Each structure stands twice: as C-alpha cells, then as structure tokens.
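A.B. asks: Just so it is clear, I am handing over start.cif, which has mmCIF, C-alpha atoms.
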data_start
loop_
_atom_site.group_PDB
_atom_site.id
_atom_site.type_symbol
_atom_site.label_atom_id
_atom_site.label_comp_id
_atom_site.auth_asym_id
_atom_site.auth_seq_id
_atom_site.Cartn_x
_atom_site.Cartn_y
_atom_site.Cartn_z
ATOM 1 C CA MET O 1 4.473 -18.914 15.536
ATOM 2 C CA THR O 2 1.718 -20.932 13.967
ATOM 3 C CA MET O 3 -0.464 -21.173 17.066
ATOM 4 C CA GLU O 4 -2.454 -18.039 17.767
ATOM 5 C CA ASP O 5 -0.878 -16.270 20.731
ATOM 6 C CA LEU O 6 -3.845 -15.422 22.919
ATOM 7 C CA LEU O 7 -3.846 -13.909 26.384
ATOM 8 C CA THR O 8 -5.869 -15.924 28.878
ATOM 9 C CA LEU O 9 -7.456 -13.517 31.310
ATOM 10 C CA GLY O 10 -10.485 -13.899 33.542
ATOM 11 C CA GLY O 11 -11.358 -17.161 31.847
ATOM 12 C CA ARG O 12 -11.439 -15.541 28.407
ATOM 13 C CA SER O 13 -9.060 -15.756 25.452
ATOM 14 C CA ILE O 14 -8.006 -12.251 24.525
ATOM 15 C CA LYS O 15 -6.461 -11.395 21.189
ATOM 16 C CA SER O 16 -5.443 -7.764 21.660
ATOM 17 C CA ARG O 17 -2.792 -7.118 24.298
ATOM 18 C CA LEU O 18 -3.527 -3.404 24.076
ATOM 19 C CA LEU O 19 -6.222 -2.479 26.589
ATOM 20 C CA ILE O 20 -7.646 0.961 25.946
ATOM 21 C CA GLY O 21 -9.004 3.570 28.339
ATOM 22 C CA THR O 22 -11.804 5.822 27.133
ATOM 23 C CA GLY O 23 -11.094 9.058 29.023
ATOM 24 C CA LYS O 24 -9.992 12.391 27.539
ATOM 25 C CA PHE O 25 -10.979 11.758 23.903
ATOM 26 C CA ALA O 26 -12.245 14.905 22.181
ATOM 27 C CA SER O 27 -15.453 13.053 21.285
ATOM 28 C CA TYR O 28 -17.039 9.651 21.728
ATOM 29 C CA SER O 29 -17.085 9.122 17.968
ATOM 30 C CA LEU O 30 -13.317 9.663 17.809
ATOM 31 C CA MET O 31 -12.884 7.203 20.654
ATOM 32 C CA LYS O 32 -15.011 4.689 18.788
ATOM 33 C CA LYS O 33 -12.794 4.994 15.698
ATOM 34 C CA ALA O 34 -9.687 4.401 17.830
ATOM 35 C CA LEU O 35 -11.236 1.290 19.393
ATOM 36 C CA GLU O 36 -12.239 -0.044 15.984
ATOM 37 C CA ALA O 37 -8.849 0.700 14.432
ATOM 38 C CA THR O 38 -7.049 -1.415 17.039
ATOM 39 C CA GLN O 39 -9.713 -4.106 17.411
ATOM 40 C CA ALA O 40 -9.502 -3.593 21.146
ATOM 41 C CA ASN O 41 -10.917 -6.436 23.216
ATOM 42 C CA ILE O 42 -10.857 -4.866 26.671
ATOM 43 C CA VAL O 43 -11.979 -1.290 27.224
ATOM 44 C CA THR O 44 -12.127 0.630 30.492
ATOM 45 C CA VAL O 45 -14.849 3.075 31.522
ATOM 46 C CA ALA O 46 -15.539 5.058 34.689
ATOM 47 C CA LEU O 47 -18.687 5.811 36.683
ATOM 48 C CA ARG O 48 -19.778 9.288 37.639
ATOM 49 C CA ARG O 49 -22.789 11.028 39.128
ATOM 50 C CA VAL O 50 -25.103 12.117 36.325
ATOM 51 C CA ASP O 51 -25.400 15.795 35.615
ATOM 52 C CA THR O 52 -29.178 16.139 35.628
ATOM 53 C CA GLY O 53 -28.942 19.317 33.587
ATOM 54 C CA SER O 54 -27.062 17.862 30.630
ATOM 55 C CA LYS O 55 -28.114 15.593 27.802
ATOM 56 C CA ALA O 56 -24.789 13.797 27.384
ATOM 57 C CA ASP O 57 -24.631 10.779 25.104
ATOM 58 C CA ASN O 58 -24.343 7.300 26.525
ATOM 59 C CA ILE O 59 -20.705 6.262 26.099
ATOM 60 C CA LEU O 60 -21.663 2.585 25.948
ATOM 61 C CA GLU O 61 -23.298 3.174 22.567
ATOM 62 C CA TYR O 62 -19.868 4.046 21.180
ATOM 63 C CA ILE O 63 -18.068 0.947 22.438
ATOM 64 C CA PRO O 64 -18.250 -2.066 20.101
ATOM 65 C CA LYS O 65 -20.464 -4.799 21.547
ATOM 66 C CA SER O 66 -17.653 -7.330 21.130
ATOM 67 C CA CYS O 67 -15.493 -5.517 23.711
ATOM 68 C CA ILE O 68 -15.218 -6.605 27.311
ATOM 69 C CA LEU O 69 -16.158 -3.587 29.413
ATOM 70 C CA MET O 70 -14.008 -3.064 32.471
ATOM 71 C CA ALA O 71 -15.278 -0.375 34.810
ATOM 72 C CA ASN O 72 -12.710 1.260 37.033
ATOM 73 C CA THR O 73 -13.243 2.429 40.579
ATOM 74 C CA SER O 74 -11.611 5.817 40.066
ATOM 75 C CA GLY O 75 -12.733 8.294 42.663
ATOM 76 C CA ALA O 76 -12.515 5.658 45.406
ATOM 77 C CA ARG O 77 -10.358 6.699 48.361
ATOM 78 C CA ASN O 78 -10.624 3.446 50.273
ATOM 79 C CA ALA O 79 -11.647 -0.191 49.883
ATOM 80 C CA ASN O 80 -15.276 0.378 50.867
ATOM 81 C CA GLU O 81 -15.763 3.058 48.237
ATOM 82 C CA ALA O 82 -14.128 0.853 45.596
ATOM 83 C CA VAL O 83 -16.468 -2.004 46.510
ATOM 84 C CA ARG O 84 -19.460 0.316 46.346
ATOM 85 C CA ILE O 85 -18.456 1.576 42.882
ATOM 86 C CA ALA O 86 -17.846 -1.989 41.662
ATOM 87 C CA ARG O 87 -21.332 -3.047 42.753
ATOM 88 C CA LEU O 88 -22.865 -0.009 41.018
ATOM 89 C CA ALA O 89 -20.960 -0.861 37.839
ATOM 90 C CA LYS O 90 -22.236 -4.417 37.906
ATOM 91 C CA ALA O 91 -25.796 -3.244 38.565
ATOM 92 C CA SER O 92 -25.635 -0.969 35.556
ATOM 93 C CA GLY O 93 -24.984 -3.910 33.320
ATOM 94 C CA SER O 94 -21.317 -3.569 32.459
ATOM 95 C CA GLY O 95 -20.548 -7.157 33.421
ATOM 96 C CA ASN O 96 -18.304 -8.312 36.218
ATOM 97 C CA TRP O 97 -14.843 -7.122 35.158
ATOM 98 C CA ILE O 98 -13.534 -4.442 37.479
ATOM 99 C CA LYS O 99 -10.307 -2.472 37.642
ATOM 100 C CA ILE O 100 -9.653 -1.538 41.249
ATOM 101 C CA GLU O 101 -8.216 1.923 41.553
ATOM 102 C CA VAL O 102 -7.913 3.361 45.047
ATOM 103 C CA VAL O 103 -6.142 6.693 45.226
ATOM 104 C CA GLN O 104 -5.814 9.116 48.105
ATOM 105 C CA ASP O 105 -3.050 11.250 46.704
ATOM 106 C CA ASN O 106 -4.301 13.820 44.213
ATOM 107 C CA LYS O 107 -0.885 15.065 43.145
ATOM 108 C CA TYR O 108 0.645 11.843 41.833
ATOM 109 C CA LEU O 109 -2.505 9.647 41.770
ATOM 110 C CA LEU O 110 -0.453 6.793 43.159
ATOM 111 C CA PRO O 111 -2.460 3.764 44.274
ATOM 112 C CA ASP O 112 -3.016 2.709 47.875
ATOM 113 C CA ASN O 113 -1.933 -0.928 47.690
ATOM 114 C CA LEU O 114 -3.347 -1.911 51.091
ATOM 115 C CA GLU O 115 -6.867 -0.585 50.463
ATOM 116 C CA THR O 116 -6.685 -2.030 46.954
ATOM 117 C CA LEU O 117 -5.914 -5.473 48.383
ATOM 118 C CA LYS O 118 -8.883 -5.247 50.764
ATOM 119 C CA ALA O 119 -11.177 -4.427 47.839
ATOM 120 C CA VAL O 120 -9.752 -7.319 45.795
ATOM 121 C CA GLU O 121 -10.468 -9.758 48.631
ATOM 122 C CA ILE O 122 -14.096 -8.651 48.913
ATOM 123 C CA LEU O 123 -14.881 -8.431 45.195
ATOM 124 C CA VAL O 124 -13.298 -11.752 44.236
ATOM 125 C CA LYS O 125 -15.598 -13.419 46.764
ATOM 126 C CA GLU O 126 -18.555 -11.675 45.089
ATOM 127 C CA GLY O 127 -17.628 -13.203 41.750
ATOM 128 C CA PHE O 128 -15.976 -10.225 40.071
ATOM 129 C CA ILE O 129 -13.034 -10.573 37.680
ATOM 130 C CA VAL O 130 -10.703 -8.233 39.520
ATOM 131 C CA LEU O 131 -7.704 -6.392 38.101
ATOM 132 C CA PRO O 132 -5.928 -4.237 40.680
ATOM 133 C CA TYR O 133 -4.030 -1.114 39.617
ATOM 134 C CA MET O 134 -1.061 -1.025 41.987
ATOM 135 C CA SER O 135 2.439 0.103 42.737
ATOM 136 C CA PRO O 136 4.839 -2.634 41.614
ATOM 137 C CA ASP O 137 5.592 -4.194 44.989
ATOM 138 C CA LEU O 138 6.320 -7.918 44.925
ATOM 139 C CA SER O 139 4.843 -8.905 48.268
ATOM 140 C CA MET O 140 1.648 -6.951 47.600
ATOM 141 C CA ALA O 141 1.410 -8.420 44.109
ATOM 142 C CA LYS O 142 1.685 -11.909 45.622
ATOM 143 C CA ARG O 143 -1.077 -11.075 48.080
ATOM 144 C CA MET O 144 -3.272 -9.785 45.241
ATOM 145 C CA GLU O 145 -2.641 -13.010 43.351
ATOM 146 C CA ASP O 146 -3.381 -15.144 46.423
ATOM 147 C CA ALA O 147 -6.597 -13.175 46.939
ATOM 148 C CA GLY O 148 -7.725 -14.209 43.467
ATOM 149 C CA ALA O 149 -6.857 -11.201 41.288
ATOM 150 C CA ALA O 150 -7.120 -12.093 37.588
ATOM 151 C CA ALA O 151 -4.038 -9.999 36.819
ATOM 152 C CA VAL O 152 -1.880 -7.376 38.472
ATOM 153 C CA MET O 153 -1.592 -3.938 36.914
ATOM 154 C CA PRO O 154 1.541 -2.105 38.051
ATOM 155 C CA LEU O 155 1.960 1.493 36.980
ATOM 156 C CA GLY O 156 4.732 2.470 34.581
ATOM 157 C CA ALA O 157 4.654 6.093 35.753
ATOM 158 C CA PRO O 158 1.980 8.336 37.280
ATOM 159 C CA ILE O 159 -1.395 8.325 35.481
ATOM 160 C CA GLY O 160 -1.494 10.578 32.439
ATOM 161 C CA SER O 161 2.185 11.537 32.763
ATOM 162 C CA ASN O 162 3.359 9.974 29.460
ATOM 163 C CA ARG O 163 6.743 9.238 31.051
ATOM 164 C CA GLY O 164 7.178 5.592 30.102
ATOM 165 C CA ILE O 165 8.082 2.465 32.044
ATOM 166 C CA LYS O 166 9.979 4.180 34.862
ATOM 167 C CA THR O 167 9.280 1.258 37.195
ATOM 168 C CA ARG O 168 10.999 -1.244 34.914
ATOM 169 C CA GLU O 169 13.253 -2.952 37.471
ATOM 170 C CA LEU O 170 10.348 -3.631 39.813
ATOM 171 C CA VAL O 171 7.927 -4.678 37.078
ATOM 172 C CA GLU O 172 10.518 -7.159 35.763
ATOM 173 C CA ILE O 173 10.517 -8.809 39.176
ATOM 174 C CA LEU O 174 6.726 -9.149 39.019
ATOM 175 C CA VAL O 175 6.991 -10.667 35.541
ATOM 176 C CA ARG O 176 9.396 -13.287 36.888
ATOM 177 C CA GLU O 177 7.592 -14.062 40.129
ATOM 178 C CA ILE O 178 3.866 -13.561 39.576
ATOM 179 C CA ARG O 179 1.839 -16.267 37.820
ATOM 180 C CA VAL O 180 -1.171 -14.179 36.758
ATOM 181 C CA PRO O 181 -0.715 -11.775 33.820
ATOM 182 C CA VAL O 182 1.238 -8.586 34.537
ATOM 183 C CA ILE O 183 -0.360 -5.669 32.693
ATOM 184 C CA VAL O 184 1.383 -2.301 32.798
ATOM 185 C CA ASP O 185 -1.220 0.375 33.426
ATOM 186 C CA ALA O 186 -0.605 4.106 33.470
ATOM 187 C CA GLY O 187 2.164 6.416 32.429
ATOM 188 C CA LEU O 188 3.110 4.962 29.049
ATOM 189 C CA GLY O 189 3.687 7.809 26.619
ATOM 190 C CA SER O 190 4.813 6.328 23.332
ATOM 191 C CA PRO O 191 4.430 3.132 21.330
ATOM 192 C CA SER O 192 8.068 2.290 22.108
ATOM 193 C CA ASP O 193 7.185 2.305 25.841
ATOM 194 C CA ALA O 194 4.442 -0.227 25.175
ATOM 195 C CA CYS O 195 6.778 -2.291 23.013
ATOM 196 C CA GLU O 196 9.354 -2.325 25.825
ATOM 197 C CA CYS O 197 6.762 -3.665 28.283
ATOM 198 C CA LEU O 198 5.809 -6.520 25.994
ATOM 199 C CA GLU O 199 9.466 -7.290 25.158
ATOM 200 C CA MET O 200 10.203 -7.731 28.851
ATOM 201 C CA GLY O 201 7.390 -10.235 29.226
ATOM 202 C CA CYS O 202 4.437 -8.208 30.398
ATOM 203 C CA ALA O 203 1.217 -9.819 29.196
ATOM 204 C CA ALA O 204 -0.399 -6.593 28.017
ATOM 205 C CA VAL O 205 -0.566 -2.824 28.537
ATOM 206 C CA LEU O 206 -3.394 -0.421 29.252
ATOM 207 C CA VAL O 207 -3.119 2.931 27.496
ATOM 208 C CA ASN O 208 -5.440 5.907 27.600
ATOM 209 C CA THR O 209 -3.967 9.423 27.708
ATOM 210 C CA ALA O 210 -1.168 8.900 25.177
ATOM 211 C CA ILE O 211 -3.735 7.826 22.588
ATOM 212 C CA ALA O 212 -6.600 10.120 23.533
ATOM 213 C CA ILE O 213 -4.654 13.391 23.487
ATOM 214 C CA ALA O 214 -2.468 12.661 20.460
ATOM 215 C CA ARG O 215 -2.968 14.999 17.504
ATOM 216 C CA ASP O 216 -4.402 11.995 15.630
ATOM 217 C CA PRO O 217 -5.769 9.550 18.221
ATOM 218 C CA VAL O 218 -6.752 6.941 15.632
ATOM 219 C CA GLY O 219 -3.276 6.972 14.097
ATOM 220 C CA MET O 220 -1.693 6.783 17.548
ATOM 221 C CA ALA O 221 -3.947 3.899 18.553
ATOM 222 C CA ARG O 222 -2.772 1.993 15.477
ATOM 223 C CA ALA O 223 0.866 2.784 16.306
ATOM 224 C CA PHE O 224 0.418 1.451 19.861
ATOM 225 C CA SER O 225 -1.298 -1.618 18.530
ATOM 226 C CA GLU O 226 1.587 -2.386 16.166
ATOM 227 C CA ALA O 227 4.174 -1.709 18.878
ATOM 228 C CA VAL O 228 2.430 -4.141 21.220
ATOM 229 C CA LEU O 229 2.466 -6.815 18.519
ATOM 230 C CA ALA O 230 6.151 -6.197 17.791
ATOM 231 C CA GLY O 231 7.072 -6.328 21.471
ATOM 232 C CA ARG O 232 5.166 -9.551 22.014
ATOM 233 C CA ARG O 233 6.761 -11.147 18.950
ATOM 234 C CA ALA O 234 10.219 -10.136 20.189
ATOM 235 C CA TYR O 235 9.536 -11.610 23.627
ATOM 236 C CA ARG O 236 8.347 -14.892 22.127
ATOM 237 C CA ALA O 237 11.306 -15.023 19.745
ATOM 238 C CA GLY O 238 13.786 -14.627 22.633
ATOM 239 C CA LEU O 239 15.849 -11.457 22.893
ATOM 240 C CA ALA O 240 19.627 -11.676 22.590
ATOM 241 C CA SER O 241 21.509 -10.713 25.767
ATOM 242 C CA PRO O 242 23.432 -7.443 25.915
ATOM 243 C CA ALA O 243 27.238 -7.828 25.977
ATOM 244 C CA SER O 244 29.924 -5.390 27.099
ATOM 245 C CA GLU O 245 32.239 -6.074 24.151
ATOM 246 C CA ALA O 246 31.735 -6.358 20.418
ATOM 247 C CA SER O 247 31.014 -9.655 18.758
ATOM 248 C CA ALA O 248 31.520 -9.483 15.001
ATOM 249 C CA SER O 249 28.571 -10.241 12.841
ATOM 250 C CA SER O 250 30.717 -10.406 9.690
ATOM 251 C CA PRO O 251 33.867 -12.523 9.137
ATOM 252 C CA LEU O 252 36.935 -10.630 10.325
ATOM 253 C CA THR O 253 39.445 -12.211 7.952
ATOM 254 C CA GLY O 254 41.306 -9.213 6.491
ATOM 255 C CA PHE O 255 41.543 -10.616 2.956
ATOM 256 C CA LEU O 256 42.634 -7.303 1.434
ATOM 257 C CA ARG O 257 45.634 -7.219 3.757
ATOM 258 C CA ASP O 258 46.560 -10.882 3.324
ATOM 259 C CA GLU O 259 48.744 -10.075 0.288
ATOM 260 C CA ALA O 260 52.007 -10.245 2.283
ATOM 261 C CA ARG O 261 54.483 -12.465 0.533
ATOM 262 C CA MET I 1 -39.112 17.915 52.324
ATOM 263 C CA ILE I 2 -35.402 17.877 51.665
ATOM 264 C CA LEU I 3 -33.414 14.954 50.256
ATOM 265 C CA THR I 4 -29.862 14.651 48.992
ATOM 266 C CA LEU I 5 -29.463 13.917 45.295
ATOM 267 C CA ASN I 6 -25.897 13.311 44.091
ATOM 268 C CA GLY I 7 -24.529 15.162 47.087
ATOM 269 C CA LYS I 8 -26.768 18.213 46.654
ATOM 270 C CA GLN I 9 -29.766 19.181 48.743
ATOM 271 C CA GLU I 10 -32.958 18.966 46.801
ATOM 272 C CA SER I 11 -36.392 20.055 47.866
ATOM 273 C CA ILE I 12 -39.477 18.155 46.721
ATOM 274 C CA GLU I 13 -43.023 19.279 47.414
ATOM 275 C CA ARG I 14 -44.735 15.944 47.928
ATOM 276 C CA PRO I 15 -43.671 12.321 48.357
ATOM 277 C CA VAL I 16 -42.792 10.742 45.020
ATOM 278 C CA THR I 17 -41.441 7.378 43.962
ATOM 279 C CA LEU I 18 -37.994 6.900 42.450
ATOM 280 C CA ASP I 19 -39.290 6.360 38.934
ATOM 281 C CA VAL I 20 -41.127 9.685 39.094
ATOM 282 C CA LEU I 21 -37.962 11.444 40.246
ATOM 283 C CA VAL I 22 -35.941 9.894 37.394
ATOM 284 C CA THR I 23 -38.525 10.998 34.838
ATOM 285 C CA ALA I 24 -38.778 14.481 36.342
ATOM 286 C CA LYS I 25 -35.018 14.859 35.989
ATOM 287 C CA GLY I 26 -35.229 13.938 32.323
ATOM 288 C CA LEU I 27 -32.984 10.908 32.710
ATOM 289 C CA CYS I 28 -33.067 7.847 30.471
ATOM 290 C CA PRO I 29 -33.633 4.805 32.720
ATOM 291 C CA ASP I 30 -31.446 2.556 30.563
ATOM 292 C CA LYS I 31 -28.332 4.661 31.069
ATOM 293 C CA ILE I 32 -28.322 5.007 34.825
ATOM 294 C CA VAL I 33 -28.066 3.110 38.063
ATOM 295 C CA VAL I 34 -29.745 4.358 41.211
ATOM 296 C CA GLU I 35 -28.652 3.978 44.797
ATOM 297 C CA HIS I 36 -31.155 4.778 47.561
ATOM 298 C CA ASN I 37 -29.706 5.113 51.063
ATOM 299 C CA PHE I 38 -26.647 3.058 49.984
ATOM 300 C CA SER I 39 -28.721 0.232 48.477
ATOM 301 C CA ILE I 40 -28.747 -0.313 44.735
ATOM 302 C CA ILE I 41 -32.338 -0.335 43.491
ATOM 303 C CA SER I 42 -33.087 -2.224 40.292
ATOM 304 C CA LYS I 43 -35.182 -0.440 37.705
ATOM 305 C CA GLU I 44 -38.187 -2.700 38.278
ATOM 306 C CA ASP I 45 -38.288 -1.636 41.913
ATOM 307 C CA TRP I 46 -38.082 2.134 41.419
ATOM 308 C CA SER I 47 -41.858 2.484 41.597
ATOM 309 C CA LYS I 48 -41.900 0.654 44.962
ATOM 310 C CA ILE I 49 -39.646 3.191 46.703
ATOM 311 C CA THR I 50 -41.365 6.322 47.979
ATOM 312 C CA LEU I 51 -38.852 8.988 48.909
ATOM 313 C CA LYS I 52 -38.782 10.489 52.389
ATOM 314 C CA GLY I 53 -37.067 13.523 53.866
ATOM 315 C CA GLN I 54 -33.315 13.022 54.510
ATOM 316 C CA ASP I 55 -33.097 10.225 51.904
ATOM 317 C CA MET I 56 -29.795 9.946 50.046
ATOM 318 C CA ILE I 57 -30.069 9.299 46.331
ATOM 319 C CA GLU I 58 -27.165 8.675 43.986
ATOM 320 C CA ILE I 59 -27.761 8.494 40.237
ATOM 321 C CA ILE I 60 -24.740 7.244 38.339
ATOM 322 C CA SER I 61 -23.832 6.589 34.720
ATOM 323 C CA PHE I 62 -20.797 5.567 32.688
ATOM 324 C CA VAL I 63 -18.295 8.098 31.371
ATOM 325 C CA GLY I 64 -14.900 7.825 29.717
ATOM 326 C CA GLY I 65 -12.084 6.689 31.983
ATOM 327 C CA GLY I 66 -8.815 4.802 31.970
#
Written as structure tokens, that's how I'd like the structure from this file.

C.D. replies:
Amino acid sequence: MTMEDLLTLGGRSIKSRLLIGTGKFASYSLMKKALEATQANIVTVALRRVDTGSKADNILEYIPKSCILMANTSGARNANEAVRIARLAKASGSGNWIKIEVVQDNKYLLPDNLETLKAVEILVKEGFIVLPYMSPDLSMAKRMEDAGAAAVMPLGAPIGSNRGIKTRELVEILVREIRVPVIVDAGLGSPSDACECLEMGCAAVLVNTAIAIARDPVGMARAFSEAVLAGRRAYRAGLASPASEASASSPLTGFLRDEAR
Amino acid sequence: MILTLNGKQESIERPVTLDVLVTAKGLCPDKIVVEHNFSIISKEDWSKITLKGQDMIEIISFVGGG
C-alpha cells in the first residue's frame, strides 16, 4: 500500500474515513480534543433555534478550520423542512455539504426514505453536496444515487443505540451494487463495529454517541480511528473466506509417530 | 404589535428593523442566520426589513449534532 488510500467524496479527497458527529459531548472543548485526536476531516453539526436568554458559545469556534462542516437536517419531518434547514445552513456559512435526515418516528428515529429522496433531488439541483441518511434499501439507494447523492448513509442500528451493524446483510448489498461511497451512519457502538463496516467494504463510518458519551471520549475517538484504519487495511488486503472445515496451517506429518519399524 | 419569534409570541412596542431586534436580544450577528416570513435575510439586509404585526421570525444557530 504505497499509494495513499484517500476517499473521494463530493469532489474532495478525504483522508479520515471516520466522520464524527458533535452532539452529546460534555463540553465543546472536549469535543474539540476528540476531533483533533482523530484528525477528523468531516464533522457534522445541527441547526437549532437560538435561546435568546442564553449566552452559549459558538460551536464553530471549536471545530478545526481544516474540517469540512456537514450540517444535518435533524428535526425535519418532511422534504420541505429538510430543504428549508439546508438553505439556512448554507446561509449561515457552513458550506454546501448537507446530511439529509428526515424522521417522523420519534421512538426509533428511523429515516423516511421517500421524503429523503425528494429532498436529495431538490438540493442536488441547488448545488449542495448531499449525503442522505437512509434505511438500507437497494432500490431507494439507487434512486438516491441517480438523483446525484454524493454518498448513501445507511443506518447500522437506530441512532444513539450503540447496537452495531445490525443491518449488515442489507448494507453488504449496497456495497456491492451502489457506485457512490456507502457510509454507515448511526448505531455503531464499539470500534469493532466500525472495523467490521470497513472490512466489508464500506467507504467510511459516521460515529457520534459512542464517542461522545464514553467515559473518555478522546480515548474512544482514537480507538475508533484506529479500528477504521485496521478495517480499511483488511478490506484492501483481501479477507480470507470462511470455511466449514479445518485447513491446517502447520504441516500434519506426524514425525513423532513415524518410528514404526 | 405581536410577532412570532422562534415559535413564541412576542410583543414589540414600535416598529423596528431586524438588526435592532437582533441587538435587543443580545445576539451576536456572526453566529446566527435569520429567516423572515420564510425568506432567509442576509446580514447586510437586516436594516432594510421593518417588522410588522404577524411577522414570523426564526433565528437559528449551529449546535452539536450527529
């Protein structure tokens, strides 16, 4: 592996295949340390109504300038709301990368693929780099790709559930059939989950909760970062296939028993 | 007159422009984006918009999110 293994996404060459979400950290300064420790290249943020009573810090001051900011459309319940949030994000100077997140179900926070697709179609035409968070459905993923999505982001498990890549069989199909990068977003709980995603050929993962609520978020961010590297290396090196029977890795000649005369 | 600011009814005594409202709320102009009746208003144009009764104002900023 002499050539640097970069991820091409939205016309950019991305080094870190660990995308990091900025929610739920105990403080912005802790979040900043986690971003610096992993040399994150793509960082997600959300938009909210300001609380006119509070003097909260500006989160953008804690995100390294070298990072690509990707606003999400969380809070959107349909395509129109997602489009409205995306336009607000762009107007506030975060650039034109947008993660579409349209959710109507507050219990499982599962995405509405149809409304998400409608938002992708509109925002691609407006020049956004659009990454849809979606349920791993092949025909919808193909439609997202045809509509100009820069990547597809299937969930591994419900947001913030730390359950791992429960959708593996379906995500593997996307990896085989979809040309744009497949980035697993949501539900990953441990570095080994992230490693598994990269081993199976996913281009990257997006992790937030598992890092942010760890006892030591900076240490956990590093662990995820290393797991992503290991998984990617394993994928590029070519994994051996599982077999149902043993295949000796040492010579089986029983030389101690070959004394029969 | 009554207008709606971030979903809440707000009463103002006399007509003011958007930039005056932002300042009165103690908000830093560089951190926020303002929507007036569903149109995004750039900072340079805040002083050109005089608020009327029933206007809908949204003032948004970035927070942590995944």

A.B. asks: Give me, as a PyMOL selection string, the contact residues of chain O against chain I at a cut-off of 7 Å, counting all atoms listed in the file.

C.D. replies: chain O and resi 21-23+44-50+52+58-59+88+91-92+208

A.B. asks: Output the selection as a short mmCIF file (atom, residue, chain, number, x, y, z; two decimals), keeping the file's coordinate frame - C-alpha atoms for each residue.

C.D. replies:
data_model
loop_
_atom_site.label_atom_id
_atom_site.label_comp_id
_atom_site.auth_asym_id
_atom_site.auth_seq_id
_atom_site.Cartn_x
_atom_site.Cartn_y
_atom_site.Cartn_z
CA GLY O 21 -9.00 3.57 28.34
CA THR O 22 -11.80 5.82 27.13
CA GLY O 23 -11.09 9.06 29.02
CA THR O 44 -12.13 0.63 30.49
CA VAL O 45 -14.85 3.08 31.52
CA ALA O 46 -15.54 5.06 34.69
CA LEU O 47 -18.69 5.81 36.68
CA ARG O 48 -19.78 9.29 37.64
CA ARG O 49 -22.79 11.03 39.13
CA VAL O 50 -25.10 12.12 36.33
CA THR O 52 -29.18 16.14 35.63
CA ASN O 58 -24.34 7.30 26.52
CA ILE O 59 -20.70 6.26 26.10
CA LEU O 88 -22.86 -0.01 41.02
CA ALA O 91 -25.80 -3.24 38.56
CA SER O 92 -25.64 -0.97 35.56
CA ASN O 208 -5.44 5.91 27.60
#

A.B. asks: Starting from 3 Å padding per side, set up an axis-aligned box that covers all listed atoms of region 13-21 of chain I and hand over centre and edge lengths in Å, one decimal, as JSON.

C.D. replies:
{"center_x": -41.3, "center_y": 12.8, "center_z": 43.6, "size_x": 12.8, "size_y": 18.9, "size_z": 15.4}

A.B. asks: Any chance you could resolve the PyMOL selection byres ((chain I and resi 17) around 6) against this file and give the residues as a PyMOL selection string?

C.D. replies: chain I and resi 16+18-20+47+49-51

A.B. asks: Go ahead and write the selection's residues with C-alpha atoms as a compact mmCIF listing (two decimals), in the frame of the given file.

C.D. replies:
# COMPACT_ATOMS: atom_id res chain seq x y z
CA VAL I 16 -42.79 10.74 45.02
CA LEU I 18 -37.99 6.90 42.45
CA ASP I 19 -39.29 6.36 38.93
CA VAL I 20 -41.13 9.68 39.09
CA SER I 47 -41.86 2.48 41.60
CA ILE I 49 -39.65 3.19 46.70
CA THR I 50 -41.36 6.32 47.98
CA LEU I 51 -38.85 8.99 48.91

A.B. asks: Hey, what's within 8 Å of Tyr235 (chain O) if we count all atoms listed in the file and toss same-chain stuff fewer than 5 positions away? As a count of residues only, please?

C.D. replies: 4

A.B. asks: Calculated over all atoms listed in the file, which of the candidates I:Pro29, I:Asn37, I:Asp45, I:Gln54 has the smallest distance to Ile12 (chain I)?

C.D. replies: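 Of the candidates, the smallest distance to Ile12 (chain I) is held by I:Gln54.
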
A.B. asks: Give me the result of the PyMOL selection byres ((chain O and resi 225) around 12) on this file, residue by residue, as a count of residues only.

C.D. replies: 40

A.B. asks: Given the file shown, determine the residues that the PyMOL selection byres ((chain O and resi 136-139) around 12) selects; report them as an MDAnalysis selection string.

C.D. replies: chainID O and resid 110:114 117 132:135 140:146 152:157 165:179 182:186

A.B. asks: Would you please work out which residue, of O:Ala237, O:Ala246, O:Met70, O:Val102, is nearest to Ala89 (chain O) when using all atoms listed in the file?

C.D. replies: O:Met70

A.B. asks: CA of Val120 (chain O) and CA of Pro158 (chain O) are how many Å apart?

C.D. replies: 21.3 Å

A.B. asks: How many Å lie between CA of Ile63 (chain O) and CA of Ser94 (chain O), rounded to one decimal?

C.D. replies: 11.5 Å

A.B. asks: Go ahead and find all residues with at least one atom no further than 10 Å from (-9.7, -13.8, 32.5) in the file's coordinates, using all atoms listed in the file; report them as a ChimeraX atom specification.

C.D. replies: /O:7-14,97,129-131,149-151,180-181

A.B. asks: With 9 Å as the threshold, what does the neighbourhood of (-38.6, 12.1, 53.6) contain in terms of residues, counting all atoms listed in the file? Coordinates are those of the file; answer as a PyMOL selection string.

C.D. replies: chain I and resi 1-3+15+50-55

A.B. asks: Please measure the separation of CA of Glu81 (chain O) and CA of Thr209 (chain O), giving the value in Å to one decimal.

C.D. replies: 24.5 Å

A.B. asks: Pick out the closest residue to Met31 (chain O) from this set: O:Ala71, O:Ala212, O:Ala82, O:Ala76. Count all atoms listed in the file.

C.D. replies: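 Of O:Ala71, O:Ala212, O:Ala82, O:Ala76, the one nearest Met31 (chain O), counting all atoms listed in the file, is O:Ala212.
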
A.B. asks: Rank nothing, just name the residue among O:Ser247, O:Ile85, O:Asn162, O:Gly93 nearest to Ala214 (chain O), using all atoms listed in the file.

C.D. replies: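 Smallest distance to Ala214 (chain O) is found for O:Asn162.
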
A.B. asks: Mind filling out region 22-30 of chain I with N, CA and C atoms and sending it as a tab-separated table (two decimals), keeping the file's coordinate frame?

C.D. replies:
chain	number	residue	atom	x	y	z
I	22	VAL	N	-36.80	10.10	38.57
I	22	VAL	CA	-35.94	9.89	37.39
I	22	VAL	C	-36.55	10.57	36.17
I	23	THR	N	-37.85	10.39	35.99
I	23	THR	CA	-38.52	11.00	34.84
I	23	THR	C	-38.50	12.52	34.94
I	24	ALA	N	-38.75	13.03	36.15
I	24	ALA	CA	-38.78	14.48	36.34
I	24	ALA	C	-37.42	15.11	36.03
I	25	LYS	N	-36.36	14.34	36.26
I	25	LYS	CA	-35.02	14.86	35.99
I	25	LYS	C	-34.63	14.69	34.53
I	26	GLY	N	-35.50	14.10	33.75
I	26	GLY	CA	-35.23	13.94	32.32
I	26	GLY	C	-34.17	12.90	32.02
I	27	LEU	N	-34.04	11.91	32.90
I	27	LEU	CA	-32.98	10.91	32.71
I	27	LEU	C	-33.53	9.66	32.01
I	28	CYS	N	-32.68	9.06	31.17
I	28	CYS	CA	-33.07	7.85	30.47
I	28	CYS	C	-32.78	6.65	31.38
I	29	PRO	N	-33.81	5.89	31.75
I	29	PRO	CA	-33.63	4.80	32.72
I	29	PRO	C	-32.58	3.76	32.31
I	30	ASP	N	-32.38	3.59	31.01
I	30	ASP	CA	-31.45	2.56	30.56
I	30	ASP	C	-29.99	2.94	30.77
